[in-house]
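**Q** My structure file input_34.cif, mmCIF, C-alpha atoms, is below:
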data_structure
loop_
_atom_site.label_atom_id
_atom_site.label_comp_id
_atom_site.auth_asym_id
_atom_site.auth_seq_id
_atom_site.Cartn_x
_atom_site.Cartn_y
_atom_site.Cartn_z
CA MET A 23 -98.21 -19.63 74.56
CA ARG A 24 -101.01 -22.15 74.51
CA ILE A 25 -99.79 -25.09 72.43
CA VAL A 26 -101.54 -28.20 71.20
CA VAL A 27 -99.09 -31.02 70.43
CA LYS A 28 -100.32 -34.06 68.54
CA VAL A 29 -98.21 -37.22 68.48
CA GLY A 30 -98.87 -40.10 66.13
CA THR A 31 -98.68 -43.83 66.71
CA SER A 32 -95.39 -44.07 64.82
CA THR A 33 -93.81 -41.67 67.34
CA LEU A 34 -95.09 -43.54 70.39
CA ALA A 35 -94.73 -47.20 69.42
CA HIS A 36 -92.39 -49.57 67.68
CA PRO A 37 -93.64 -51.25 64.48
CA THR A 38 -94.57 -54.19 66.72
CA GLY A 39 -97.09 -51.97 68.49
CA ARG A 40 -95.17 -52.12 71.75
CA ILE A 41 -94.47 -48.78 73.40
CA ASN A 42 -91.24 -47.06 72.35
CA ILE A 43 -90.03 -46.32 75.87
CA ARG A 44 -87.16 -44.06 74.87
CA HIS A 45 -89.31 -41.90 72.59
CA VAL A 46 -92.14 -41.52 75.09
CA GLU A 47 -89.80 -40.74 77.98
CA ASN A 48 -88.03 -38.09 75.89
CA LEU A 49 -91.34 -36.64 74.73
CA VAL A 50 -92.66 -36.27 78.28
CA LYS A 51 -89.37 -34.80 79.48
CA VAL A 52 -89.36 -32.12 76.76
CA LEU A 53 -93.07 -31.32 77.14
CA SER A 54 -92.57 -30.95 80.90
CA ASP A 55 -89.65 -28.62 80.33
CA VAL A 56 -91.63 -26.52 77.85
CA LYS A 57 -94.46 -26.34 80.38
CA ASN A 58 -92.00 -25.31 83.07
CA GLU A 59 -91.11 -22.34 80.85
CA GLY A 60 -94.66 -21.10 81.38
CA HIS A 61 -96.38 -22.46 78.28
CA GLU A 62 -99.73 -24.26 78.41
CA ILE A 63 -99.60 -27.73 76.87
CA ILE A 64 -102.47 -29.85 75.54
CA LEU A 65 -101.37 -33.25 74.27
CA VAL A 66 -103.44 -35.02 71.63
CA SER A 67 -102.16 -38.56 71.63
CA SER A 68 -102.70 -41.40 69.22
CA GLY A 69 -101.43 -44.87 70.01
CA ALA A 70 -104.20 -46.63 71.92
CA ILE A 71 -105.06 -49.09 69.16
CA GLY A 72 -101.43 -49.56 68.18
CA MET A 73 -100.39 -50.31 71.74
CA GLY A 74 -103.35 -52.63 72.18
CA VAL A 75 -102.25 -54.51 69.07
CA GLY A 76 -98.85 -55.06 70.62
CA LYS A 77 -100.10 -55.93 74.09
CA LEU A 78 -102.60 -58.45 72.69
CA SER A 79 -99.88 -59.89 70.42
CA LEU A 80 -102.02 -59.40 67.34
CA PRO A 81 -100.12 -59.90 64.07
CA ARG A 82 -101.33 -56.63 62.55
CA ARG A 83 -103.74 -53.74 63.05
CA PRO A 84 -107.25 -55.26 63.01
CA GLU A 85 -109.70 -54.32 60.29
CA ASP A 86 -112.99 -55.09 62.03
CA ILE A 87 -114.50 -52.50 64.38
CA ALA A 88 -114.97 -54.84 67.37
CA THR A 89 -111.30 -55.87 67.50
CA LYS A 90 -110.14 -52.29 66.99
CA GLN A 91 -112.28 -51.21 69.91
CA ALA A 92 -110.97 -54.07 72.04
CA ALA A 93 -107.38 -53.16 71.17
CA ALA A 94 -108.10 -49.53 72.03
CA ALA A 95 -109.56 -50.53 75.41
CA VAL A 96 -106.39 -52.44 76.27
CA GLY A 97 -103.98 -49.92 74.76
CA GLN A 98 -105.57 -46.84 76.31
CA CYS A 99 -104.85 -48.22 79.80
CA GLU A 100 -101.17 -48.62 79.03
CA LEU A 101 -100.98 -45.26 77.27
CA MET A 102 -102.45 -43.27 80.17
CA TYR A 103 -100.58 -45.26 82.82
CA THR A 104 -97.36 -44.38 81.03
CA TYR A 105 -98.19 -40.68 80.71
CA ASP A 106 -99.34 -40.44 84.32
CA LYS A 107 -96.19 -42.10 85.64
CA LEU A 108 -93.74 -40.12 83.49
CA PHE A 109 -95.32 -36.67 83.85
CA ALA A 110 -95.56 -37.21 87.63
CA GLU A 111 -91.80 -37.66 87.73
CA TYR A 112 -91.50 -34.05 86.53
CA GLY A 113 -94.17 -32.73 88.88
CA HIS A 114 -97.07 -32.46 86.43
CA VAL A 115 -100.60 -33.85 86.66
CA VAL A 116 -102.27 -35.36 83.60
CA ALA A 117 -105.97 -35.53 82.80
CA GLN A 118 -107.58 -37.86 80.27
CA ILE A 119 -110.26 -36.72 77.82
CA LEU A 120 -111.78 -39.19 75.34
CA LEU A 121 -113.97 -37.83 72.56
CA THR A 122 -116.13 -39.09 69.70
CA GLY A 123 -117.20 -37.21 66.60
CA GLU A 124 -120.64 -36.76 68.12
CA ASP A 125 -119.13 -34.90 71.07
CA MET A 126 -117.82 -32.23 68.73
CA GLU A 127 -120.91 -32.11 66.51
CA CYS A 128 -123.41 -31.65 69.37
CA ALA A 129 -123.32 -28.01 70.53
CA ALA A 130 -124.09 -28.80 74.18
CA ARG A 131 -121.54 -31.62 74.43
CA ARG A 132 -118.89 -29.58 72.67
CA ARG A 133 -119.50 -26.68 75.06
CA ASN A 134 -119.12 -29.05 78.02
CA PHE A 135 -115.85 -30.35 76.57
CA GLU A 136 -114.53 -26.83 76.01
CA ASN A 137 -115.46 -25.77 79.54
CA THR A 138 -113.78 -28.84 81.03
CA LEU A 139 -110.64 -28.44 78.94
CA THR A 140 -110.37 -24.76 79.78
CA ARG A 141 -110.72 -25.51 83.50
CA LEU A 142 -108.08 -28.24 83.31
CA ILE A 143 -105.69 -25.73 81.76
CA GLU A 144 -106.48 -23.26 84.53
CA LEU A 145 -105.72 -26.00 87.07
CA ASN A 146 -102.27 -26.34 85.50
CA THR A 147 -102.73 -29.92 84.31
CA VAL A 148 -101.56 -31.51 81.08
CA PRO A 149 -104.78 -32.62 79.34
CA VAL A 150 -104.26 -35.74 77.21
CA VAL A 151 -106.92 -35.98 74.49
CA ASN A 152 -107.66 -38.99 72.32
CA GLU A 153 -110.54 -40.25 70.24
CA ASN A 154 -112.74 -42.64 72.20
CA ASP A 155 -112.01 -45.60 69.95
CA THR A 156 -113.69 -48.07 72.30
CA VAL A 157 -117.17 -46.69 71.49
CA ALA A 158 -116.72 -44.87 68.18
CA THR A 159 -118.52 -46.68 65.37
CA ALA A 160 -117.29 -44.51 62.52
CA GLU A 161 -113.69 -45.75 62.80
CA ILE A 162 -111.19 -42.95 63.40
CA ALA A 163 -113.73 -40.38 62.30
CA PHE A 164 -111.35 -37.54 63.06
CA GLY A 165 -108.53 -38.87 60.88
CA ASP A 166 -106.03 -40.45 63.25
CA ASN A 167 -106.42 -37.52 65.65
CA ASP A 168 -105.08 -34.97 63.16
CA THR A 169 -108.48 -33.36 62.63
CA LEU A 170 -109.25 -33.78 66.32
CA SER A 171 -106.10 -31.89 67.28
CA ALA A 172 -107.12 -28.98 65.05
CA MET A 173 -110.59 -28.91 66.58
CA VAL A 174 -109.06 -28.95 70.06
CA ALA A 175 -106.73 -26.09 69.10
CA CYS A 176 -109.71 -24.06 67.88
CA SER A 177 -111.74 -24.90 71.00
CA VAL A 178 -109.14 -23.39 73.33
CA ASN A 179 -107.92 -20.61 71.01
CA ALA A 180 -104.43 -22.08 70.89
CA ASP A 181 -101.51 -20.06 69.62
CA LEU A 182 -99.88 -23.00 67.85
CA LEU A 183 -100.67 -26.54 66.72
CA ILE A 184 -97.73 -28.94 66.34
CA LEU A 185 -98.13 -32.30 64.61
CA LEU A 186 -95.24 -34.63 65.41
CA THR A 187 -95.03 -37.47 62.92
CA ASP A 188 -92.53 -39.78 61.21
CA ILE A 189 -91.66 -37.38 58.40
CA ASP A 190 -89.88 -34.01 58.43
CA GLY A 191 -92.80 -32.08 56.94
CA LEU A 192 -94.52 -31.54 53.61
CA TYR A 193 -92.41 -32.36 50.58
CA THR A 194 -92.67 -31.58 46.89
CA ALA A 195 -93.04 -35.35 46.37
CA ASN A 196 -93.04 -38.49 48.48
CA PRO A 197 -89.48 -38.55 49.92
CA ARG A 198 -89.71 -42.31 50.42
CA GLU A 199 -90.09 -42.76 46.68
CA ASP A 200 -88.46 -39.69 45.13
CA ARG A 201 -84.88 -38.91 46.11
CA ASP A 202 -85.22 -35.43 44.60
CA ALA A 203 -88.15 -34.48 46.85
CA LYS A 204 -87.61 -31.18 48.67
CA LEU A 205 -88.97 -30.12 52.04
CA ILE A 206 -91.36 -27.17 51.86
CA PRO A 207 -90.55 -24.92 54.85
CA LEU A 208 -93.53 -22.56 54.56
CA VAL A 209 -97.08 -22.83 53.25
CA GLU A 210 -98.99 -19.56 53.20
CA GLU A 211 -102.26 -21.19 52.10
CA ILE A 212 -103.40 -24.79 51.69
CA THR A 213 -104.59 -24.81 48.09
CA PRO A 214 -105.70 -27.76 45.93
CA ALA A 215 -102.17 -27.79 44.52
CA VAL A 216 -100.75 -28.21 48.02
CA GLU A 217 -103.29 -30.92 48.82
CA SER A 218 -102.23 -32.82 45.72
CA LEU A 219 -98.81 -33.35 47.33
CA ALA A 220 -100.32 -35.53 50.07
CA GLY A 221 -99.95 -39.30 49.93
CA LYS A 222 -101.45 -42.21 51.85
CA SER A 223 -100.94 -43.51 55.39
CA GLY A 224 -97.26 -44.20 56.04
CA THR A 225 -97.47 -46.91 58.72
CA LYS A 226 -99.41 -50.10 59.30
CA LEU A 227 -100.39 -49.09 62.84
CA GLY A 228 -101.63 -45.57 62.04
CA THR A 229 -104.59 -44.52 59.96
CA GLY A 230 -103.69 -40.96 59.07
CA GLY A 231 -101.34 -39.56 56.48
CA MET A 232 -100.36 -36.20 55.05
CA ILE A 233 -103.85 -35.56 53.69
CA THR A 234 -105.40 -35.64 57.17
CA LYS A 235 -102.68 -33.30 58.40
CA LEU A 236 -103.45 -30.84 55.62
CA ARG A 237 -107.14 -30.99 56.53
CA ALA A 238 -106.16 -30.22 60.10
CA GLY A 239 -104.09 -27.33 58.85
CA LYS A 240 -107.02 -25.85 56.97
CA ILE A 241 -109.19 -26.00 60.10
CA ALA A 242 -106.53 -24.38 62.28
CA ASN A 243 -105.41 -21.81 59.72
CA GLU A 244 -108.98 -20.62 59.14
CA ARG A 245 -109.08 -19.71 62.84
CA GLY A 246 -105.78 -17.87 62.62
CA ILE A 247 -103.77 -20.65 64.27
CA ASP A 248 -100.33 -21.54 62.89
CA MET A 249 -99.58 -25.24 62.43
CA ILE A 250 -96.23 -27.00 62.16
CA ILE A 251 -95.63 -30.52 60.87
CA ALA A 252 -92.31 -31.85 62.17
CA ASN A 253 -90.48 -35.11 62.73
CA GLY A 254 -91.13 -36.41 66.23
CA SER A 255 -88.35 -39.01 66.29
CA ASP A 256 -86.42 -36.61 68.54
CA PRO A 257 -88.83 -34.62 70.75
CA ALA A 258 -86.05 -32.06 71.38
CA ILE A 259 -87.21 -30.57 68.10
CA LEU A 260 -89.87 -28.84 70.22
CA TYR A 261 -87.11 -26.67 71.71
CA GLU A 262 -86.16 -25.48 68.24
CA ILE A 263 -89.80 -24.70 67.46
CA MET A 264 -90.17 -22.70 70.68
CA GLU A 265 -87.01 -20.78 69.81
CA GLY A 266 -88.59 -19.76 66.51
CA LYS A 267 -86.23 -21.75 64.33
CA SER A 268 -87.34 -23.00 60.92
CA VAL A 269 -88.32 -26.61 61.56
CA GLY A 270 -90.48 -28.88 59.44
CA THR A 271 -93.26 -27.15 57.52
CA LEU A 272 -95.04 -24.09 58.90
CA PHE A 273 -98.62 -23.48 57.77
CA LYS A 274 -99.53 -19.87 58.43
CA GLY A 275 -102.85 -19.05 60.04
CA LYS A 276 -105.04 -16.42 58.42
CA LYS A 277 -104.82 -13.18 60.36
CA SER A 278 -107.88 -10.94 60.45
#
Can the structure in the file be given as structure tokens, please?
**A**
Amino acid sequence: MRIVVKVGTSTLAHPTGRINIRHVENLVKVLSDVKNEGHEIILVSSGAIGMGVGKLSLPRRPEDIATKQAAAAVGQCELMYTYDKLFAEYGHVVAQILLTGEDMECAARRRNFENTLTRLIELNTVPVVNENDTVATAEIAFGDNDTLSAMVACSVNADLLILLTDIDGLYTANPREDRDAKLIPLVEEITPAVESLAGKSGTKLGTGGMITKLRAGKIANERGIDMIIANGSDPAILYEIMEGKSVGTLFKGKKS
């Protein structure tokens, strides 16, 4: 299978913005093992701004573009250094790809990206994709990499898109506020009624939320790609997904 895995800032970093070493080490270990099984892995990783916030000892996520870009420049170095070091321990080579919204909107640039990504997969690397926050002027135009991950999945005709976040999946209500909220295991179609279940961003370091994940689901599902939203606090959940177990919320792709 060709799998796109997107991890959010809350999965990679502590609330302080500093890297969550245990989580990242476990994530890389599991992804390496899944790749060793013969699957192709593309990692869409958030966390550059969040890690930059921690490394620069900023009190909170900045609101102005210049400081966000500066934090991303600092955080991206740490993020890729960490991935390169950890994946190398399991015998895998990583490759960094940074994109802006314009790269995906311009036909020629998007084609170049798709050709490069396809070749990196053929070369048996683990491509690590992130929005180029250091130059993007429309802040997080993709939606905290959720939309970007769906576009990447479509670009390489992925079999599955997995969004690892800090919540188990889509609920009937906000589980942080409603104790009676129930996890929805399967969504056949993302309708306005389903979209109405989405809330706002759940963490101070991230910018996404359930609504951006549902938008990503619509993009992927339209291309026939299944998407799963699952809790990334324990990356071993990827094993359960690969074994076909019911985990998180599965959004079914439209089959022609």
**Q** How close does segment 105-220 of chain A get to segment 250-273 of chain A? List, as CSV, each residue of segment 105-220 of chain A within 12 Å, its nearest atom pair and the distance in Å to one decimal, counting all atoms listed in the file.
**A**
residue,atom,partner,partner_atom,distance
A:Asp168,CA,A:Ile251,CA,10.7
A:Ala172,CA,A:Ile250,CA,11.4
A:Asp181,CA,A:Ile250,CA,11.5
A:Leu182,CA,A:Ile250,CA,7.9
A:Leu183,CA,A:Ile250,CA,6.4
A:Ile184,CA,A:Ile250,CA,4.8
A:Leu185,CA,A:Ile251,CA,4.8
A:Leu186,CA,A:Gly254,CA,4.6
A:Thr187,CA,A:Asn253,CA,5.1
A:Asp188,CA,A:Asn253,CA,5.3
A:Ile189,CA,A:Asn253,CA,5.0
A:Asp190,CA,A:Asn253,CA,4.5
A:Gly191,CA,A:Gly270,CA,4.7
A:Leu192,CA,A:Thr271,CA,6.0
A:Tyr193,CA,A:Thr271,CA,8.7
A:Thr194,CA,A:Thr271,CA,11.5
A:Lys204,CA,A:Thr271,CA,11.2
A:Leu205,CA,A:Thr271,CA,7.6
A:Ile206,CA,A:Thr271,CA,6.0
A:Pro207,CA,A:Thr271,CA,4.4
A:Leu208,CA,A:Leu272,CA,4.8
A:Val209,CA,A:Phe273,CA,4.8
A:Glu210,CA,A:Phe273,CA,6.0
A:Glu211,CA,A:Phe273,CA,7.1
A:Ile212,CA,A:Phe273,CA,7.8
A:Thr213,CA,A:Phe273,CA,11.5
A:Val216,CA,A:Phe273,CA,11.0
**Q** Between A:Glu127, A:Glu217, A:Glu100, A:Glu47, single out the one closest to Ala70 of chain A, counting only C-alpha atoms.
**A**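 Of all the options, A:Glu100 lies closest to Ala70 of chain A.
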**Q** When you look at segment 43-46 of chain A with a cut-off of 10 Å (counting all atoms listed in the file), what residues show up, excluding the ones that are within fewer than 4 positions of it in the same chain? I need them as a short mmCIF file (atom, residue, chain, number, x, y, z; two decimals) with C-alpha atoms, keeping the file's coordinate frame.
**A**
data_model
loop_
_atom_site.label_atom_id
_atom_site.label_comp_id
_atom_site.auth_asym_id
_atom_site.auth_seq_id
_atom_site.Cartn_x
_atom_site.Cartn_y
_atom_site.Cartn_z
CA VAL A 29 -98.21 -37.22 68.48
CA THR A 33 -93.81 -41.67 67.34
CA LEU A 34 -95.09 -43.54 70.39
CA ALA A 35 -94.73 -47.20 69.42
CA HIS A 36 -92.39 -49.57 67.68
CA VAL A 50 -92.66 -36.27 78.28
CA LYS A 51 -89.37 -34.80 79.48
CA VAL A 52 -89.36 -32.12 76.76
CA LEU A 101 -100.98 -45.26 77.27
CA THR A 104 -97.36 -44.38 81.03
CA TYR A 105 -98.19 -40.68 80.71
CA LEU A 108 -93.74 -40.12 83.49
CA GLY A 254 -91.13 -36.41 66.23
CA SER A 255 -88.35 -39.01 66.29
CA ASP A 256 -86.42 -36.61 68.54
CA PRO A 257 -88.83 -34.62 70.75
#
**Q** Measuring atom to atom with all atoms listed in the file, identify which of A:Val148, A:Ala215, A:Ile71, A:Val26 is nearest to Asp248 of chain A.
**A** A:Val26
**Q** For Gly239 of chain A, which residue among A:Ile87, A:Leu121, A:Cys176, A:Met73 is the nearest when counting all atoms listed in the file?
**A**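 When distances to Gly239 of chain A are compared using all atoms listed in the file, the smallest one comes from A:Cys176.
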**Q** Measuring between only C-alpha atoms, which one of A:Val66, A:Ala175, A:Ala180, A:Ala93 shows the shortest distance to Met23 of chain A?
**A**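 The answer is A:Ala180, which sits nearest to Met23 of chain A.
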**Q** Using all atoms listed in the file for the distances, tell me which of A:Gln98, A:Thr38, A:Thr31, A:Ser177 is nearest to Val75 of chain A.
**A** A:Thr38
**Q** For Val27 of chain A, which of A:Thr89, A:Ser171, A:Asn154, A:Asn137 is the closest residue, counting all atoms listed in the file?
**A**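 Distance minimum relative to Val27 of chain A lands on A:Ser171.
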**Q** Have a look at atom CA of Gly74 of chain A and atom CA of Val96 of chain A and let me know their distance in Å, one decimal.
**A**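 Calculated distance between atom CA of Gly74 of chain A and atom CA of Val96 of chain A is 5.1 Å.
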**Q** Could you spell out the hits of the PyMOL selection byres ((chain A and resi 151) around 8) on the shown file, as a ChimeraX atom specification?
**A** /A:64-67,118-121,149-150,152-153
